[in-house]
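Asker: See work.cif below, with mmCIF, C-alpha atoms.
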data_final
#
loop_
_atom_site.label_atom_id
_atom_site.label_comp_id
_atom_site.auth_asym_id
_atom_site.auth_seq_id
_atom_site.Cartn_x
_atom_site.Cartn_y
_atom_site.Cartn_z
CA MET A 72 118.22 126.30 112.96
CA SER A 73 121.02 124.00 114.12
CA GLU A 74 122.44 121.38 111.76
CA PRO A 75 121.11 118.39 113.80
CA VAL A 76 117.61 119.90 113.68
CA SER A 77 117.90 120.37 109.92
CA GLN A 78 119.11 116.78 109.53
CA ALA A 79 116.27 115.48 111.67
CA ARG A 80 113.71 117.36 109.60
CA ARG A 81 115.18 115.93 106.40
CA ALA A 82 115.12 112.45 107.89
CA LEU A 83 111.46 112.86 108.87
CA ASN A 84 110.61 113.98 105.33
CA GLN A 85 112.53 111.18 103.63
CA THR A 86 112.02 108.21 105.96
CA PRO A 87 109.16 105.76 105.19
CA ALA A 88 106.02 106.62 107.15
CA ASP A 89 106.24 103.59 109.44
CA ARG A 90 109.88 104.32 110.41
CA LEU A 91 109.74 107.96 111.53
CA VAL A 92 111.02 107.27 115.04
CA GLY A 93 113.88 105.11 113.75
CA GLY A 94 114.80 107.70 111.14
CA VAL A 95 115.03 110.54 113.62
CA GLY A 96 116.80 108.22 116.07
CA ASP A 97 119.62 107.67 113.56
CA VAL A 98 120.21 111.43 113.41
CA LEU A 99 120.12 111.80 117.19
CA GLY A 100 122.61 108.97 117.60
CA ARG A 101 125.11 110.56 115.20
CA SER A 102 124.64 114.10 116.52
CA TYR A 103 124.28 113.62 120.28
CA GLY A 104 125.16 110.01 121.08
CA ILE A 105 121.56 109.19 121.99
CA THR A 106 121.10 105.43 121.80
CA ASP A 107 117.53 104.88 123.00
CA VAL A 108 114.64 106.62 121.25
CA GLU A 109 111.00 105.77 121.94
CA LEU A 110 107.70 107.45 121.13
CA TYR A 111 104.96 107.21 123.75
CA GLN A 112 101.52 108.10 122.41
CA VAL A 113 98.57 109.02 124.59
CA ASP A 114 95.79 106.44 124.29
CA TYR A 115 92.18 107.06 123.31
CA ARG A 116 91.07 107.38 126.95
CA LEU A 117 93.78 109.99 127.76
CA ALA A 118 94.74 107.62 130.57
CA GLU A 119 97.98 105.92 129.43
CA LEU A 120 101.09 106.73 127.44
CA LEU A 121 101.74 103.74 125.19
CA PRO A 122 105.14 102.93 123.66
CA LEU A 123 105.43 102.46 119.93
CA GLY A 124 108.02 99.73 120.58
CA ASP A 125 108.49 97.19 123.34
CA GLY A 126 108.51 99.48 126.39
CA GLU A 127 106.05 99.43 129.25
CA PRO A 128 102.93 101.66 129.23
CA VAL A 129 103.04 104.66 131.57
CA ASP A 130 99.92 105.24 133.66
CA SER A 131 101.34 106.84 136.83
CA PRO A 132 100.43 110.57 136.94
CA GLY A 133 103.72 111.46 138.67
CA HIS A 134 105.89 109.81 136.03
CA PRO A 135 108.26 112.18 134.13
CA ALA A 136 106.51 111.22 130.89
CA TRP A 137 103.18 112.49 132.20
CA ARG A 138 104.80 115.60 133.65
CA ALA A 139 106.18 116.43 130.20
CA PHE A 140 102.79 115.71 128.64
CA ASP A 141 100.83 117.73 131.20
CA HIS A 142 103.14 120.75 131.46
CA GLN A 143 104.15 120.70 127.80
CA SER A 144 107.80 121.21 128.61
CA PRO A 145 110.87 118.93 128.50
CA ILE A 146 111.64 116.90 131.61
CA LEU A 147 115.19 115.63 132.25
CA THR A 148 115.66 113.04 134.98
CA ASP A 149 118.39 110.44 135.60
CA GLY A 150 119.90 111.01 132.19
CA THR A 151 116.62 110.45 130.35
CA GLY A 152 114.78 113.24 128.56
CA TRP A 153 111.05 113.39 127.93
CA PHE A 154 109.88 115.84 125.25
CA PRO A 155 106.29 116.79 124.30
CA VAL A 156 105.23 115.63 120.85
CA THR A 157 102.69 118.34 120.09
CA MET A 158 101.50 120.11 116.95
CA ARG A 159 99.50 123.35 117.16
CA GLY A 160 98.17 122.31 120.54
CA GLU A 161 97.36 118.73 119.49
CA ARG A 162 99.13 116.61 122.11
CA ARG A 163 100.15 113.28 120.61
CA GLY A 164 102.46 112.06 123.35
CA VAL A 165 106.10 112.34 124.41
CA LEU A 166 109.46 111.38 122.93
CA CYS A 167 111.81 109.53 125.32
CA LEU A 168 115.54 110.01 124.66
CA SER A 169 118.48 108.46 126.52
CA PRO A 170 121.13 109.41 127.37
CA ALA A 171 119.92 113.01 127.09
CA PRO A 172 122.67 115.67 127.25
CA ASP A 173 122.33 118.15 130.11
CA ASP A 174 122.86 121.18 127.89
CA PRO A 175 120.18 123.88 127.49
CA ASP A 176 120.94 124.43 123.80
CA VAL A 177 120.80 120.71 123.06
CA LEU A 178 117.57 120.29 125.05
CA ALA A 179 116.02 123.15 123.06
CA ALA A 180 117.08 121.46 119.81
CA LEU A 181 115.63 118.12 120.95
CA ALA A 182 112.35 119.81 121.87
CA GLU A 183 112.23 121.31 118.36
CA ILE A 184 112.82 117.88 116.85
CA ALA A 185 109.98 116.40 118.96
CA THR A 186 107.67 119.10 117.58
CA ALA A 187 108.79 118.32 114.03
CA LEU A 188 107.98 114.66 114.71
CA ALA A 189 104.45 115.66 115.76
CA HIS A 190 103.91 117.49 112.47
CA GLU A 191 105.17 114.52 110.47
CA LEU A 192 102.98 112.08 112.40
CA ALA A 193 99.98 114.18 111.42
CA ALA A 194 101.12 114.23 107.80
CA VAL A 195 101.50 110.44 107.48
CA SER A 196 98.59 109.30 109.65
CA ALA A 197 96.23 108.81 106.70
CA GLY A 198 98.67 106.46 104.96
CA THR A 199 99.68 104.06 107.74
CA ASP A 200 97.98 102.33 110.64
CA VAL A 201 101.19 101.91 112.66
CA TYR A 202 100.63 104.87 114.96
CA ARG A 203 96.87 104.51 115.35
CA ALA A 204 97.16 100.82 116.20
CA ALA A 205 99.80 101.54 118.87
CA ARG A 206 97.58 104.10 120.62
CA ARG A 207 94.97 101.65 121.86
CA THR A 208 94.91 99.41 124.92
CA GLN A 209 92.02 97.37 123.55
CA ARG A 210 90.18 96.92 120.31
CA LEU A 211 87.87 99.73 119.26
CA THR A 212 84.33 98.82 118.27
CA LEU A 213 83.55 99.50 114.62
CA ALA A 214 81.32 102.43 115.64
CA ALA A 215 84.12 103.93 117.76
CA GLU A 216 86.64 103.50 114.93
CA MET A 217 84.31 105.50 112.69
CA GLN A 218 83.82 108.18 115.32
CA TRP A 219 87.51 108.74 116.06
CA ASP A 220 88.39 108.93 112.37
CA LEU A 221 85.74 111.65 112.04
CA LEU A 222 87.32 114.00 114.59
CA PRO A 223 89.53 117.00 113.71
CA GLY A 224 91.78 116.24 116.70
CA ARG A 225 91.48 116.53 120.47
CA SER A 226 93.04 119.94 121.08
CA ARG A 227 93.81 123.12 119.17
CA ILE A 228 95.64 126.31 120.14
CA ARG A 229 95.85 129.74 118.53
CA PRO A 230 96.80 133.00 120.24
CA SER A 231 93.14 134.00 120.55
CA PHE A 232 91.72 130.66 121.76
CA SER A 233 92.45 127.22 123.14
CA LEU A 234 90.16 124.27 122.49
CA ALA A 235 89.88 120.61 123.48
CA GLY A 236 87.36 117.78 123.36
CA GLN A 237 86.98 114.13 124.35
CA LEU A 238 84.56 111.26 123.70
CA GLU A 239 83.57 108.62 126.23
CA PRO A 240 83.48 105.67 126.54
CA ALA A 241 86.52 106.04 124.30
CA TYR A 242 86.70 102.48 122.98
CA THR A 243 82.97 101.96 122.48
CA VAL A 244 81.56 105.43 121.73
CA ARG A 245 78.64 105.38 119.28
CA GLY A 246 77.05 108.69 118.32
CA ASP A 247 78.42 111.64 120.29
CA SER A 248 81.01 113.72 118.47
CA PHE A 249 82.47 117.16 117.84
CA ASP A 250 84.03 119.03 114.94
CA TRP A 251 85.90 122.32 114.56
CA SER A 252 87.69 124.49 112.04
CA ASP A 253 89.20 127.99 112.00
CA ASP A 254 90.50 130.34 109.32
CA GLY A 255 92.22 133.04 111.39
CA GLU A 256 89.12 135.21 111.51
CA ARG A 257 86.48 132.76 112.74
CA LEU A 258 86.29 129.53 114.69
CA TRP A 259 83.49 127.06 113.95
CA LEU A 260 82.59 124.43 116.53
CA ALA A 261 79.89 121.75 116.31
CA THR A 262 79.06 119.41 119.18
CA ILE A 263 76.76 116.49 118.47
CA ASN A 264 74.72 114.56 121.02
CA GLY A 265 74.16 111.44 118.94
CA ALA A 266 71.24 109.03 118.98
CA GLY A 267 70.90 105.30 118.47
CA GLU A 268 73.19 102.33 118.96
CA GLY A 269 76.26 100.90 117.30
CA VAL A 270 77.14 101.57 113.69
CA ALA A 271 73.71 103.06 112.99
CA ALA A 272 74.47 105.88 115.45
CA SER A 273 77.90 106.48 113.90
CA LEU A 274 76.43 106.62 110.41
CA LEU A 275 73.86 109.20 111.53
CA THR A 276 76.55 111.35 113.16
CA SER A 277 78.87 110.96 110.17
CA LEU A 278 76.19 112.15 107.74
CA ALA A 279 75.40 115.17 109.92
CA THR A 280 79.08 116.07 110.31
CA HIS A 281 79.82 115.86 106.61
CA ALA A 282 76.70 117.86 105.77
CA LEU A 283 77.76 120.57 108.23
CA ARG A 284 81.29 120.61 106.78
CA ASN A 285 79.92 120.83 103.25
CA ALA A 286 77.75 123.80 104.16
CA ARG A 287 80.54 125.50 106.14
CA ARG A 288 83.05 125.12 103.30
CA ALA A 289 80.49 126.59 100.90
CA GLY A 290 80.50 129.75 103.02
CA LEU A 291 76.94 129.41 104.32
CA CYS A 292 75.90 131.16 107.52
CA LEU A 293 75.40 129.12 110.68
CA GLY A 294 71.61 128.95 110.34
CA ASP A 295 71.89 127.69 106.78
CA GLN A 296 74.52 125.15 107.82
CA ALA A 297 72.01 123.74 110.29
CA ALA A 298 69.25 123.75 107.66
CA LEU A 299 71.38 121.88 105.13
CA ALA A 300 72.36 119.20 107.66
CA ASP A 301 68.75 118.98 108.82
CA GLN A 302 67.56 118.38 105.26
CA ALA A 303 70.28 115.81 104.56
CA LEU A 304 69.18 113.77 107.56
CA TYR A 305 65.49 114.14 106.81
CA ASP A 306 65.93 113.13 103.17
CA LEU A 307 67.49 109.83 104.25
CA TYR A 308 65.64 109.01 107.45
CA ARG A 309 62.30 110.86 106.91
CA GLY A 310 62.23 111.98 110.55
CA GLU A 311 62.63 108.49 112.02
CA GLN A 312 66.22 109.32 113.06
CA HIS A 313 67.46 112.69 114.24
CA LEU A 314 70.14 114.10 116.50
CA SER A 315 70.83 117.09 118.71
CA ALA A 316 73.60 119.52 117.89
CA LEU A 317 75.03 122.82 119.06
CA LEU A 318 76.61 124.93 116.32
CA MET A 319 78.87 127.81 117.28
CA GLU A 320 80.81 130.43 115.33
CA LEU A 321 83.26 132.71 117.16
CA ASP A 322 84.47 135.95 115.58
CA LEU A 323 88.15 135.99 116.53
CA ARG A 324 88.40 139.76 116.07
CA SER A 325 85.57 140.75 118.39
CA GLY A 326 84.73 137.76 120.59
CA MET A 327 81.13 137.72 119.36
CA MET A 328 79.65 134.24 119.50
CA THR A 329 76.91 133.09 117.13
CA VAL A 330 74.97 129.98 118.14
CA VAL A 331 72.32 127.67 116.72
CA ASP A 332 70.80 125.36 119.31
CA ALA A 333 69.31 122.34 117.56
CA GLY A 334 68.17 120.43 120.64
CA SER A 335 71.70 120.87 121.85
CA PRO A 336 73.96 119.64 124.59
CA ARG A 337 74.35 121.96 127.60
CA LEU A 338 76.46 125.12 127.17
CA VAL A 339 78.09 126.35 130.38
CA LEU A 340 80.03 129.59 130.87
CA LEU A 341 82.83 129.87 133.42
CA ARG A 342 83.61 133.55 134.01
CA GLY A 343 86.00 134.05 136.91
CA GLU A 344 84.57 131.94 139.73
CA GLU A 345 81.01 132.03 138.45
CA VAL A 346 79.46 129.10 136.55
CA THR A 347 76.26 129.83 134.62
CA GLU A 348 74.30 127.97 131.98
CA GLN A 349 74.17 130.05 128.81
CA PRO A 350 70.50 130.55 127.86
CA LEU A 351 69.81 129.32 124.34
CA GLU A 352 66.80 129.37 122.05
CA ALA A 353 65.80 125.70 121.85
CA GLN A 354 65.08 124.59 118.29
CA PHE A 355 64.27 121.24 116.69
CA PRO A 356 66.99 118.56 116.46
CA LEU A 357 68.54 118.02 113.04
CA GLY A 358 66.47 115.74 110.82
CA MET A 359 63.28 115.75 112.89
CA PHE A 360 61.09 117.67 110.40
CA GLU A 361 61.35 118.68 106.78
CA ALA A 362 62.66 122.14 105.86
CA THR A 363 63.16 123.45 109.40
CA ASP A 364 64.20 127.11 109.56
CA TYR A 365 66.98 127.66 112.12
CA HIS A 366 67.58 130.98 113.84
CA GLU A 367 70.91 132.33 115.02
CA GLN A 368 71.47 134.06 118.33
CA LYS A 369 74.49 136.06 119.43
CA PHE A 370 76.24 136.91 122.69
CA PRO A 371 79.64 138.48 123.42
CA LEU A 372 82.49 136.71 125.17
CA GLU A 373 84.81 138.53 127.55
CA ARG A 374 88.52 137.99 127.64
CA ASP A 375 89.44 134.83 129.63
CA ASP A 376 85.93 133.36 129.41
CA ARG A 377 85.74 129.58 129.35
CA LEU A 378 82.91 127.64 127.70
CA PHE A 379 82.07 124.00 128.28
CA VAL A 380 79.74 121.98 126.08
CA VAL A 381 78.57 118.72 127.68
CA SER A 382 76.12 116.13 126.41
CA ASP A 383 73.45 114.47 128.49
CA GLY A 384 75.75 111.49 128.97
CA VAL A 385 77.69 113.64 131.44
CA LEU A 386 74.73 114.83 133.48
CA GLU A 387 72.99 111.45 133.40
CA ALA A 388 76.03 109.41 134.44
CA THR A 389 74.94 107.27 137.36
CA GLY A 390 76.88 105.86 140.27
CA GLN A 391 75.64 104.37 143.53
CA HIS A 392 72.04 105.06 142.41
CA MET A 393 72.75 108.80 142.00
CA ARG A 394 73.04 111.01 138.92
CA TYR A 395 76.18 113.09 138.44
CA GLY A 396 73.88 116.02 137.77
CA GLU A 397 74.24 119.77 137.41
CA THR A 398 75.39 120.50 140.97
CA ALA A 399 78.37 118.15 140.78
CA LEU A 400 79.19 119.39 137.27
CA ASP A 401 79.14 123.08 138.25
CA ARG A 402 81.25 122.40 141.33
CA PHE A 403 83.86 120.52 139.31
CA LEU A 404 83.97 123.09 136.50
CA ARG A 405 84.96 125.80 138.99
CA ARG A 406 88.03 123.76 139.84
CA THR A 407 89.23 123.69 136.23
CA GLY A 408 90.03 127.41 136.05
CA PRO A 409 93.85 127.08 136.17
CA MET A 410 93.92 124.07 133.82
CA ALA A 411 94.50 124.10 130.08
CA PRO A 412 91.39 122.99 128.14
CA LEU A 413 92.68 119.47 127.44
CA ASP A 414 93.60 119.01 131.11
CA ALA A 415 90.18 120.33 132.14
CA VAL A 416 88.43 117.90 129.79
CA ARG A 417 90.59 114.99 130.91
CA SER A 418 89.99 115.84 134.58
CA LEU A 419 86.22 116.03 134.11
CA ILE A 420 86.17 112.68 132.31
CA GLY A 421 88.32 111.21 135.07
CA ASP A 422 85.90 112.53 137.69
CA LEU A 423 83.01 110.91 135.81
CA ARG A 424 84.84 107.59 135.63
CA ALA A 425 85.49 107.74 139.37
CA PHE A 426 81.84 108.61 140.01
CA VAL A 427 80.52 105.61 138.07
CA ALA A 428 83.43 103.38 139.21
CA GLY A 429 84.47 102.48 135.67
CA ASP A 430 83.77 103.45 132.09
CA LEU A 431 80.61 105.35 131.23
CA VAL A 432 77.75 103.29 129.83
CA ASP A 433 76.13 106.00 127.71
CA ASP A 434 78.00 108.21 125.25
CA ALA A 435 79.35 111.49 126.59
CA VAL A 436 81.09 114.36 124.85
CA VAL A 437 82.93 117.20 126.60
CA VAL A 438 84.35 120.23 124.77
CA CYS A 439 86.17 123.14 126.43
CA LEU A 440 86.86 126.48 124.73
CA ASP A 441 88.97 129.30 126.21
CA TRP A 442 88.63 132.76 124.69
CA ASN A 443 91.92 134.60 125.22
CA GLY A 444 90.81 137.81 123.56
CA PRO A 445 91.44 139.37 120.12
CA GLN A 446 95.04 139.16 118.95
CA PRO A 447 96.75 141.72 116.74
#
Represent the supplied structure as structure tokens.
Answerer:
Amino acid sequence: MSEPVSQARRALNQTPADRLVGGVGDVLGRSYGITDVELYQVDYRLAELLPLGDGEPVDSPGHPAWRAFDHQSPILTDGTGWFPVTMRGERRGVLCLSPAPDDPDVLAALAEIATALAHELAAVSAGTDVYRAARRTQRLTLAAEMQWDLLPGRSRIRPSFSLAGQLEPAYTVRGDSFDWSDDGERLWLATINGAGEGVAASLLTSLATHALRNARRAGLCLGDQAALADQALYDLYRGEQHLSALLMELDLRSGMMTVVDAGSPRLVLLRGEEVTEQPLEAQFPLGMFEATDYHEQKFPLERDDRLFVVSDGVLEATGQHMRYGETALDRFLRRTGPMAPLDAVRSLIGDLRAFVAGDLVDDAVVVCLDWNGPQP
């Protein structure tokens, strides 16, 4: 590790949480003569890169900032460098540095520093609102604030899988959500098709998510995780409120997928050029009846399979008196093959926005999972 990288890491560890960019900028100025340092964070809609300081937002897809964000590699143009700020696949934005030296070793060091910044942003996010507040182009509704704080992130990468998800309408989402966790041997993924309006919908989804996490962290099997969440909802709402969920557990050593379909969103498999809906055993939504017994089903994934989970807000999106529907969805999913999961999710959401000529009215959740195969 070069000395400037070591100094930058120390600065990130020692600088107050709200001054991370300034702290690393001081190091870059002394080490490389860089005078302008700005962090651009991707907004909640995945549509703009927003400056932490006084710069202008970047919304043009061809801009170097977006090229760095999309391709996840440094971009140097006209003496300005753009570096992905990404942690374990979670894309937070890009770091803009000027003047950026045209030296491969220096560019590699700057890219490493941008990655270190991403890790530190994740570490301090619970203790300051500076970075969250700068990521929004408009005020979030209270329900949306609750939903976004509930998420594990928007993308995740390990050698054996890549994963991404998005909620829409981003600034007013109510009940749809997703959750994931992995331990090196298994990946757990829950996608929730929420019910209700406003804060009431967010509270219902929050209770279900925390119940599922509690059961998962206790080491319960997938069927029992569903049963515990089902009982938690029923105990509080007595069947008057319930929600649909799809629970998945992927064995990272074999590619075997275990699923519990509790009135779930749609699960679609993209294998090569073929798009098929994965048949699932439909079971009762969580919280509908007391003491529901949930059954697991299993199916194997093949290397390079891609799974999409989409809620009914995607299929039911309406524009010009037409539903988006399954035909349009399947056709678009085929086009996502070369894209990384986050790009595929962002493209699908963009296609939906174009179809309805604006933001979606109903909640929609899209999750994309790539199975890369067992890793040694």
Asker: Which residues, named as in the file, does the PyMOL selection byres ((chain A and resi 297) around 12) pick out? Answer as a JSON list (two decimals) with C-alpha atoms, in the coordinates of the input.
Answerer:
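Printed below is result07.json as written:
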[["chain", "number", "residue", "atom", "x", "y", "z"],
["A", 261, "ALA", "CA", 79.89, 121.75, 116.31],
["A", 263, "ILE", "CA", 76.76, 116.49, 118.47],
["A", 279, "ALA", "CA", 75.40, 115.17, 109.92],
["A", 280, "THR", "CA", 79.08, 116.07, 110.31],
["A", 281, "HIS", "CA", 79.82, 115.86, 106.61],
["A", 282, "ALA", "CA", 76.70, 117.86, 105.77],
["A", 283, "LEU", "CA", 77.76, 120.57, 108.23],
["A", 284, "ARG", "CA", 81.29, 120.61, 106.78],
["A", 285, "ASN", "CA", 79.92, 120.83, 103.25],
["A", 286, "ALA", "CA", 77.75, 123.80, 104.16],
["A", 287, "ARG", "CA", 80.54, 125.50, 106.14],
["A", 291, "LEU", "CA", 76.94, 129.41, 104.32],
["A", 292, "CYS", "CA", 75.90, 131.16, 107.52],
["A", 293, "LEU", "CA", 75.40, 129.12, 110.68],
["A", 294, "GLY", "CA", 71.61, 128.95, 110.34],
["A", 295, "ASP", "CA", 71.89, 127.69, 106.78],
["A", 296, "GLN", "CA", 74.52, 125.15, 107.82],
["A", 298, "ALA", "CA", 69.25, 123.75, 107.66],
["A", 299, "LEU", "CA", 71.38, 121.88, 105.13],
["A", 300, "ALA", "CA", 72.36, 119.20, 107.66],
["A", 301, "ASP", "CA", 68.75, 118.98, 108.82],
["A", 302, "GLN", "CA", 67.56, 118.38, 105.26],
["A", 303, "ALA", "CA", 70.28, 115.81, 104.56],
["A", 304, "LEU", "CA", 69.18, 113.77, 107.56],
["A", 314, "LEU", "CA", 70.14, 114.10, 116.50],
["A", 315, "SER", "CA", 70.83, 117.09, 118.71],
["A", 316, "ALA", "CA", 73.60, 119.52, 117.89],
["A", 317, "LEU", "CA", 75.03, 122.82, 119.06],
["A", 318, "LEU", "CA", 76.61, 124.93, 116.32],
["A", 319, "MET", "CA", 78.87, 127.81, 117.28],
["A", 330, "VAL", "CA", 74.97, 129.98, 118.14],
["A", 331, "VAL", "CA", 72.32, 127.67, 116.72],
["A", 332, "ASP", "CA", 70.80, 125.36, 119.31],
["A", 333, "ALA", "CA", 69.31, 122.34, 117.56],
["A", 334, "GLY", "CA", 68.17, 120.43, 120.64],
["A", 335, "SER", "CA", 71.70, 120.87, 121.85],
["A", 354, "GLN", "CA", 65.08, 124.59, 118.29],
["A", 355, "PHE", "CA", 64.27, 121.24, 116.69],
["A", 356, "PRO", "CA", 66.99, 118.56, 116.46],
["A", 357, "LEU", "CA", 68.54, 118.02, 113.04],
["A", 358, "GLY", "CA", 66.47, 115.74, 110.82],
["A", 362, "ALA", "CA", 62.66, 122.14, 105.86],
["A", 363, "THR", "CA", 63.16, 123.45, 109.40],
["A", 364, "ASP", "CA", 64.20, 127.11, 109.56],
["A", 365, "TYR", "CA", 66.98, 127.66, 112.12],
["A", 366, "HIS", "CA", 67.58, 130.98, 113.84],
["A", 367, "GLU", "CA", 70.91, 132.33, 115.02]]
Asker: Find the residue from A:Val113, A:Val195, A:Leu404, A:Leu147 that sits nearest to Leu83 of chain A; use all atoms listed in the file when measuring.
Answerer: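 Looking at the shortest contact to Leu83 of chain A, the residue is A:Val195.
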Asker: Near Ser252 of chain A, within 12 Å and counting all atoms listed in the file, which residues show up once chain neighbours fewer than 5 positions away are dropped, as a compact mmCIF listing (two decimals) with C-alpha atoms, keeping the file's coordinate frame?
Answerer:
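Result file follows (around.txt):
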# COMPACT_ATOMS: atom_id res chain seq x y z
CA LEU A 222 87.32 114.00 114.59
CA PRO A 223 89.53 117.00 113.71
CA GLY A 224 91.78 116.24 116.70
CA SER A 226 93.04 119.94 121.08
CA ARG A 227 93.81 123.12 119.17
CA ILE A 228 95.64 126.31 120.14
CA ARG A 229 95.85 129.74 118.53
CA LEU A 234 90.16 124.27 122.49
CA ARG A 257 86.48 132.76 112.74
CA LEU A 258 86.29 129.53 114.69
CA TRP A 259 83.49 127.06 113.95
CA LEU A 260 82.59 124.43 116.53
CA ALA A 261 79.89 121.75 116.31
CA LEU A 283 77.76 120.57 108.23
CA ARG A 284 81.29 120.61 106.78
CA ARG A 287 80.54 125.50 106.14
CA ARG A 288 83.05 125.12 103.30
CA LEU A 318 76.61 124.93 116.32
CA MET A 319 78.87 127.81 117.28
CA GLU A 320 80.81 130.43 115.33
CA LEU A 321 83.26 132.71 117.16
Asker: Ranking A:Gly93, A:Gly390, A:Pro75, A:Pro135 by minimum distance to Leu120 of chain A and counting only C-alpha atoms, which one comes first?
Answerer: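 Ranked by minimum distance to Leu120 of chain A, first place goes to A:Pro135.
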Asker: Once the PyMOL selection byres ((chain A and resi 245) around 6) is applied to the coordinates I shared, what remains selected? I want it as a VMD selection string.
Answerer: chain A and resid 214 to 215 244 246 269 272 to 273
Asker: As an exercise, work out the distance from atom CA of Ala171 of chain A to atom CA of Thr151 of chain A in Å and give it to one decimal place.
Answerer: 5.3 Å
Asker: Suppose a student applies the PyMOL selection byres ((chain A and resi 118) around 9) to this structure; what residues should they get, written as a tab-separated table (two decimals) with C-alpha atoms, in the frame of the given file?
Answerer:
chain	number	residue	atom	x	y	z
A	113	VAL	CA	98.57	109.02	124.59
A	114	ASP	CA	95.79	106.44	124.29
A	115	TYR	CA	92.18	107.06	123.31
A	116	ARG	CA	91.07	107.38	126.95
A	117	LEU	CA	93.78	109.99	127.76
A	119	GLU	CA	97.98	105.92	129.43
A	120	LEU	CA	101.09	106.73	127.44
A	129	VAL	CA	103.04	104.66	131.57
A	130	ASP	CA	99.92	105.24	133.66
A	417	ARG	CA	90.59	114.99	130.91
A	421	GLY	CA	88.32	111.21	135.07
Asker: How many Å lie between atom CA of Phe140 of chain A and atom CA of Arg203 of chain A, rounded to one decimal?
Answerer: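 If I compute the distance from atom CA of Phe140 of chain A to atom CA of Arg203 of chain A, I get 18.4 Å.
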Asker: Point out the residue among A:Ala79, A:Ala411, A:Met393, A:Val92 with the least atom-to-atom distance to Arg162 of chain A, counting only C-alpha atoms.
Answerer: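 Among the listed residues, the smallest separation from Arg162 of chain A belongs to A:Ala411.
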Asker: What gap, in Å, lies between atom CA of Asp376 of chain A and atom CA of Leu340 of chain A?
Answerer: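 Distance reported for this atom pair: 7.2 Å.
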Asker: Residues within 12 Å of Arg81 of chain A, please, as a ChimeraX atom specification. Count only C-alpha atoms; anything in the same chain fewer than 3 positions from it doesn't count.
Answerer: /A:74-78,84-87,91,94-95,97-98,184,187-188,191
Asker: Anything within 6 Å of (87.7, 137.6, 111.8): list those residues as a list in words, counting all atoms listed in the file and sticking to the file's coordinates.
Answerer: Glu256, Arg257, Asp322, Leu323 and Arg324 of chain A
